[in-house]
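Q: Sharing a structure with you now.
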Amino acid sequence: MTRYIKTACLIVVVAIALVSAVFFSYKCIRQATADAAPEETTEMTEATETVPPETEPTTVPTEETIPEETTATEETVPVETEAPKVTIDAVPHYHQSEYPDIRYGNGTIATSGSSVAALAMVATYMTDHVYTPADIADYAVQYGGSHYKRLEKVSDLMQIPWKRALNVNEALKAVREGKIAIALMGSRSVFPGGNHFIVLTGVTEDGKIWVLDPDDRDYSAWGVGELLENGFPDGKLIAGYEGAWIYDKTQMPEEPFIYEPEPAPEESRYPGLELTDAEIKLMADLIFMEAQSEPFEGQQAVAEVIFNRLKSGNFQSSINSIIYAKDQFAAVKNLYLAKPTDTQYKAIERALNGPYVLPEDVVFYAKFAVNKKIWGTIGSHIFCYSYWGFQIDPNN
């Protein structure tokens, strides 16, 4: 019994020793922790706004990126694109009266140009390119013959398909089939004056023919104005009909010919030369009598010979004295018979301002070579340089 009591007491003593050891270890650890913590201050400090120090953002170091060198490239030039093609679906209406100062035929477009006005309407519609009566007159002036011959010639040169109607019924039938036509109306027609070109453009709802008349005076004329407003019955077009030219737009080439006048030089080679109306008329008369049957270039060349003589200083000193010089121009004695047209006046204009036909030192022409210094031949005339072989100073 006593042995058991001793054993129990020993166990209690060991337990107490273990608890004491644990408590002592805990106290040491706590003391060590307290010693490491910052000392708490109890002093009062003045409240101030604390601005946190500026710190650089923390970034994960990466490999420095060096921008790639870009090579200089050529400046990009915008590509020119062709403008969309404009289609003209209706025949435009031109009036002769708008061109009172442009020569044509024996007068002006206003007085004598119904054919070029009509062709300008047709050419604009057929080619989808705007032509005025002045444009057509400028082109047609190079070709002689009657108005309708010029009409056919210019239509051919502009590559506009046309057909001369065998009779009025063929022309009217073509218009009813969707084509257009230029008709020449004579003195027995309802159109005042006769020898007048009109354009047949389509058909009204009641079967009449629409007409565009280049002479705007006819729209207020008795007997024809109402027809122009409401359409022509066939009978009104049959009376006085003298011919027609049929045009079919469906037969046009995909890339139609476009006429552009040849540009003149920037400066005239006859600087300071200004012609009076009387001098222009005298030259036109001379060209008509000397060269009316010659090609246009030949008529212009006659005018250039006169100007070249004037500039050379080796002939008379005025237009009049050069033309009337003894034994120089055979036609002088018949100038009273001259009836110059737009062709002769245009020849003078181009001879003065260009583009030119002859060199400046060509001063003779005839139907034979007047000397051995031949420049060349235009039509039936042979053009020659001067006898004296002078050269004109181009800077003079």
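Chain labels follow the order of the structure tokens: the first chain is A, the next B, and so on; residue numbering restarts at 1 in every chain, and ligands are counted from 1 in their shown order.
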May I have the residues within 10 Å of region 149-158 of chain A as a list in words, using only C-alpha atoms and disregarding those fewer than 5 positions away in the same chain?
A: Ser115, Val116, Ala118, Leu119, Val122, Ala123, Thr127, Ile136, Ala137, Tyr139, Ala140, Val141, Gln142, Tyr143, Gly144, Lys163, Arg164, Ile182, Trp245, Tyr247, Pro256, Phe257, Ile258 and Tyr259 of chain A
Q: Print the selection's residues with C-alpha atoms to a file, as a CSV table (one decimal), in the first residue's frame.
A:
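See selection.csv below for the written result:
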```csv
chain,number,residue,atom,x,y,z
A,115,SER,CA,-27.0,72.5,-139.9
A,116,VAL,CA,-24.2,72.8,-137.3
A,118,ALA,CA,-28.7,70.3,-135.5
A,119,LEU,CA,-25.5,68.2,-135.8
A,122,VAL,CA,-27.1,64.8,-132.6
A,123,ALA,CA,-23.3,64.5,-131.9
A,127,THR,CA,-21.2,60.3,-128.4
A,136,ILE,CA,-19.1,71.7,-134.9
A,137,ALA,CA,-18.6,74.9,-136.8
A,139,TYR,CA,-14.6,71.4,-137.2
A,140,ALA,CA,-16.7,71.9,-140.4
A,141,VAL,CA,-15.0,75.1,-141.4
A,142,GLN,CA,-12.1,73.1,-142.9
A,143,TYR,CA,-14.4,71.5,-145.5
A,144,GLY,CA,-16.0,73.1,-148.4
A,163,LYS,CA,-27.6,56.8,-143.3
A,164,ARG,CA,-29.2,59.1,-145.8
A,182,ILE,CA,-31.8,65.4,-139.1
A,245,TRP,CA,-30.0,61.7,-142.3
A,247,TYR,CA,-28.6,58.2,-136.8
A,256,PRO,CA,-16.3,57.1,-129.8
A,257,PHE,CA,-14.0,59.6,-131.5
A,258,ILE,CA,-13.9,62.9,-129.6
A,259,TYR,CA,-12.9,66.0,-131.6
```
Q: Excluding Val130 (chain A) and any residue of its chain fewer than 5 positions from it, enumerate the residues within 9 Å of it, using only C-alpha atoms, and give them as a list in words.
A: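 Residues near the query, excluding close chain neighbours: Ile88, Ala120, Met121, Ala123, Thr124 and Tyr125 of chain A.
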Q: Can you tell me which residues surround region 354-360 of chain A at a distance of at most 8 Å, considering only C-alpha atoms, apart from same-chain residues fewer than 3 positions away, and format the answer as number ranges by chain?
A: A: 262-265, 268, 297, 300-301, 304, 308, 349-351, 363, 392
Q: If we count only C-alpha atoms and set the cut-off at 10 Å, which residues sit around region 217-234 of chain A, ignoring sequence neighbours fewer than 4 positions away in its own chain? Please answer as a short mmCIF file (atom, residue, chain, number, x, y, z; two decimals) with C-alpha atoms, in the first residue's frame.
A:
```cif
data_model
loop_
_atom_site.label_atom_id
_atom_site.label_comp_id
_atom_site.auth_asym_id
_atom_site.auth_seq_id
_atom_site.Cartn_x
_atom_site.Cartn_y
_atom_site.Cartn_z
CA HIS A 95 -30.43 77.61 -130.39
CA GLN A 96 -28.66 79.36 -133.26
CA SER A 97 -29.39 82.74 -131.73
CA VAL A 168 -39.47 60.84 -145.93
CA ASN A 169 -41.33 57.64 -145.04
CA LEU A 172 -40.29 58.72 -140.12
CA SER A 189 -42.45 73.53 -145.61
CA VAL A 190 -44.12 75.15 -142.61
CA PHE A 191 -40.75 76.50 -141.51
CA PRO A 192 -40.24 80.16 -142.48
CA LEU A 200 -36.59 64.49 -135.30
CA GLY A 202 -39.12 60.73 -131.02
CA VAL A 203 -42.84 60.05 -131.01
CA THR A 204 -45.64 61.55 -128.91
CA GLU A 205 -48.25 59.41 -127.16
CA ASP A 206 -50.66 60.06 -130.01
CA GLY A 207 -48.16 59.08 -132.72
CA LYS A 208 -46.89 62.50 -133.80
CA ILE A 209 -43.21 63.31 -134.30
CA TRP A 210 -41.27 65.38 -131.78
CA VAL A 211 -39.07 68.01 -133.44
CA LEU A 212 -36.28 70.18 -132.07
CA ASP A 213 -35.84 73.38 -134.08
CA ILE A 238 -43.85 65.46 -145.77
CA ALA A 239 -44.66 68.90 -147.16
#
```
Q: Closest to Asn195 (chain A) among A:Asn334, A:Gln328, A:Ser114, A:Thr276, using only C-alpha atoms?
A: A:Ser114
Q: Rounded to one decimal place, report the CA of Asn167 (chain A)-CA of Gly240 (chain A) distance in Å.
A: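 CA of Gly240 (chain A) lies at a distance of 12.1 Å from CA of Asn167 (chain A).
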Q: Could you go through region 200-329 of chain A and tell me which residues DSSP, when run on the backbone, assigns to strand (DSSP E), listing them as a VMD selection string?
A: chain A and resid 200 to 203 209 to 212 241 to 247
Q: Include C-alpha atoms and write out the residues we just selected as a PDB file, in the first residue's frame.
A:
```pdb
ATOM      1  CA  LEU A 200     -36.594  64.492-135.301  1.00  0.00           C
ATOM      2  CA  THR A 201     -36.188  63.017-131.818  1.00  0.00           C
ATOM      3  CA  GLY A 202     -39.120  60.729-131.016  1.00  0.00           C
ATOM      4  CA  VAL A 203     -42.837  60.052-131.010  1.00  0.00           C
ATOM      5  CA  ILE A 209     -43.215  63.311-134.297  1.00  0.00           C
ATOM      6  CA  TRP A 210     -41.266  65.382-131.782  1.00  0.00           C
ATOM      7  CA  VAL A 211     -39.073  68.011-133.440  1.00  0.00           C
ATOM      8  CA  LEU A 212     -36.282  70.183-132.071  1.00  0.00           C
ATOM      9  CA  TYR A 241     -39.223  67.685-147.099  1.00  0.00           C
ATOM     10  CA  GLU A 242     -35.924  67.705-149.004  1.00  0.00           C
ATOM     11  CA  GLY A 243     -33.847  65.053-147.306  1.00  0.00           C
ATOM     12  CA  ALA A 244     -32.955  63.343-144.039  1.00  0.00           C
ATOM     13  CA  TRP A 245     -30.019  61.663-142.297  1.00  0.00           C
ATOM     14  CA  ILE A 246     -30.759  58.822-139.879  1.00  0.00           C
ATOM     15  CA  TYR A 247     -28.620  58.201-136.780  1.00  0.00           C
TER      16      TYR A 247
END
```
Q: Region 91-224 of chain A: which residues are helix (DSSP H, G or I) by DSSP, as a PyMOL selection string?
A: chain A and resi 96-98+109-112+114-127+133-140+147-157+168-176+216-220
Q: Considering only C-alpha atoms, tabulate each residue of region 324-360 of chain A that lies at most 10 Å from region 287-292 of chain A along with its nearest interatomic pair and the corresponding distance in Å to one decimal; arrange the rows by chain and ascending residue number and present them as CSV.
A:
```
residue,atom,partner,partner_atom,distance
A:Phe329,CA,A:Glu290,CA,8.0
A:Ala330,CA,A:Glu290,CA,7.9
A:Ala331,CA,A:Met289,CA,5.9
A:Val332,CA,A:Met289,CA,8.2
A:Lys333,CA,A:Met289,CA,9.9
A:Asn334,CA,A:Met289,CA,7.5
A:Leu335,CA,A:Met289,CA,6.7
A:Tyr336,CA,A:Met289,CA,9.5
A:Leu337,CA,A:Met289,CA,8.0
A:Ala338,CA,A:Met289,CA,6.0
A:Lys339,CA,A:Phe288,CA,7.0
A:Pro340,CA,A:Phe288,CA,5.5
A:Thr341,CA,A:Phe288,CA,8.1
A:Thr343,CA,A:Gln292,CA,8.6
A:Gln344,CA,A:Ile287,CA,6.3
A:Tyr345,CA,A:Ile287,CA,9.0
A:Ala347,CA,A:Ile287,CA,8.6
A:Ile348,CA,A:Ile287,CA,8.9
```
Q: Could those residues be written to a file, using N, CA and C atoms, as a short mmCIF file (atom, residue, chain, number, x, y, z; two decimals), in the first residue's frame?
A:
```cif
data_model
loop_
_atom_site.label_atom_id
_atom_site.label_comp_id
_atom_site.auth_asym_id
_atom_site.auth_seq_id
_atom_site.Cartn_x
_atom_site.Cartn_y
_atom_site.Cartn_z
N PHE A 329 -0.52 89.10 -157.36
CA PHE A 329 -1.68 88.23 -157.19
C PHE A 329 -2.64 88.45 -158.35
N ALA A 330 -2.76 87.45 -159.18
CA ALA A 330 -3.53 87.60 -160.43
C ALA A 330 -5.00 87.87 -160.18
N ALA A 331 -5.52 87.40 -159.06
CA ALA A 331 -6.96 87.51 -158.81
C ALA A 331 -7.38 88.90 -158.35
N VAL A 332 -6.44 89.79 -158.14
CA VAL A 332 -6.78 91.12 -157.61
C VAL A 332 -7.80 91.83 -158.50
N LYS A 333 -7.68 91.66 -159.78
CA LYS A 333 -8.59 92.38 -160.68
C LYS A 333 -10.03 91.88 -160.59
N ASN A 334 -10.23 90.72 -159.98
CA ASN A 334 -11.59 90.15 -159.88
C ASN A 334 -12.12 90.09 -158.45
N LEU A 335 -11.51 90.84 -157.56
CA LEU A 335 -11.92 90.77 -156.15
C LEU A 335 -13.38 91.17 -155.95
N TYR A 336 -13.91 91.95 -156.84
CA TYR A 336 -15.31 92.38 -156.70
C TYR A 336 -16.28 91.20 -156.82
N LEU A 337 -15.80 90.09 -157.35
CA LEU A 337 -16.65 88.91 -157.50
C LEU A 337 -16.61 87.99 -156.28
N ALA A 338 -15.74 88.30 -155.33
CA ALA A 338 -15.52 87.39 -154.20
C ALA A 338 -16.73 87.34 -153.28
N LYS A 339 -17.02 86.14 -152.80
CA LYS A 339 -18.06 85.92 -151.79
C LYS A 339 -17.50 85.01 -150.70
N PRO A 340 -16.59 85.57 -149.90
CA PRO A 340 -15.91 84.74 -148.91
C PRO A 340 -16.86 84.16 -147.88
N THR A 341 -16.49 82.99 -147.38
CA THR A 341 -17.28 82.30 -146.36
C THR A 341 -16.46 82.17 -145.08
N THR A 343 -14.82 79.76 -144.19
CA THR A 343 -13.56 79.07 -144.45
C THR A 343 -12.42 80.05 -144.66
N GLN A 344 -12.63 81.08 -145.45
CA GLN A 344 -11.58 82.05 -145.71
C GLN A 344 -11.25 82.87 -144.44
N TYR A 345 -12.27 83.22 -143.70
CA TYR A 345 -12.02 83.99 -142.47
C TYR A 345 -11.28 83.14 -141.43
N ALA A 347 -9.25 80.72 -142.16
CA ALA A 347 -7.88 80.58 -142.66
C ALA A 347 -7.02 81.76 -142.23
N ILE A 348 -7.59 82.95 -142.26
CA ILE A 348 -6.86 84.15 -141.83
C ILE A 348 -6.57 84.08 -140.33
#
```
Q: Considering only C-alpha atoms, state which residue in the set A:Ile198, A:Ala165, A:Ile378, A:Glu274 is at the smallest distance from Gly186 (chain A).
A: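 Among A:Ile198, A:Ala165, A:Ile378, A:Glu274, it is A:Ile198 that comes nearest to Gly186 (chain A).
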Q: Report as a list of chain:residue names all protein, DNA and RNA residues lying within 9 Å of region 368-376 of chain A, evaluated on only C-alpha atoms, omitting residues in the same chain fewer than 2 positions from it.
A: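 Listing them by chain and then by number gives A:Leu358, A:Pro359, A:Val362, A:Phe364, A:Tyr365, A:Ala366, A:Ile378, A:Ser380, A:His381, A:Ile382, A:Phe383, A:Cys384, A:Tyr385, A:Ser386, A:Tyr387, A:Gly389.
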Q: Would you work out the distance separating CA of Gly272 (chain A) from CA of Lys311 (chain A), expressed in Å to one decimal?
A: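 Distance between the two atoms: 10.7 Å.
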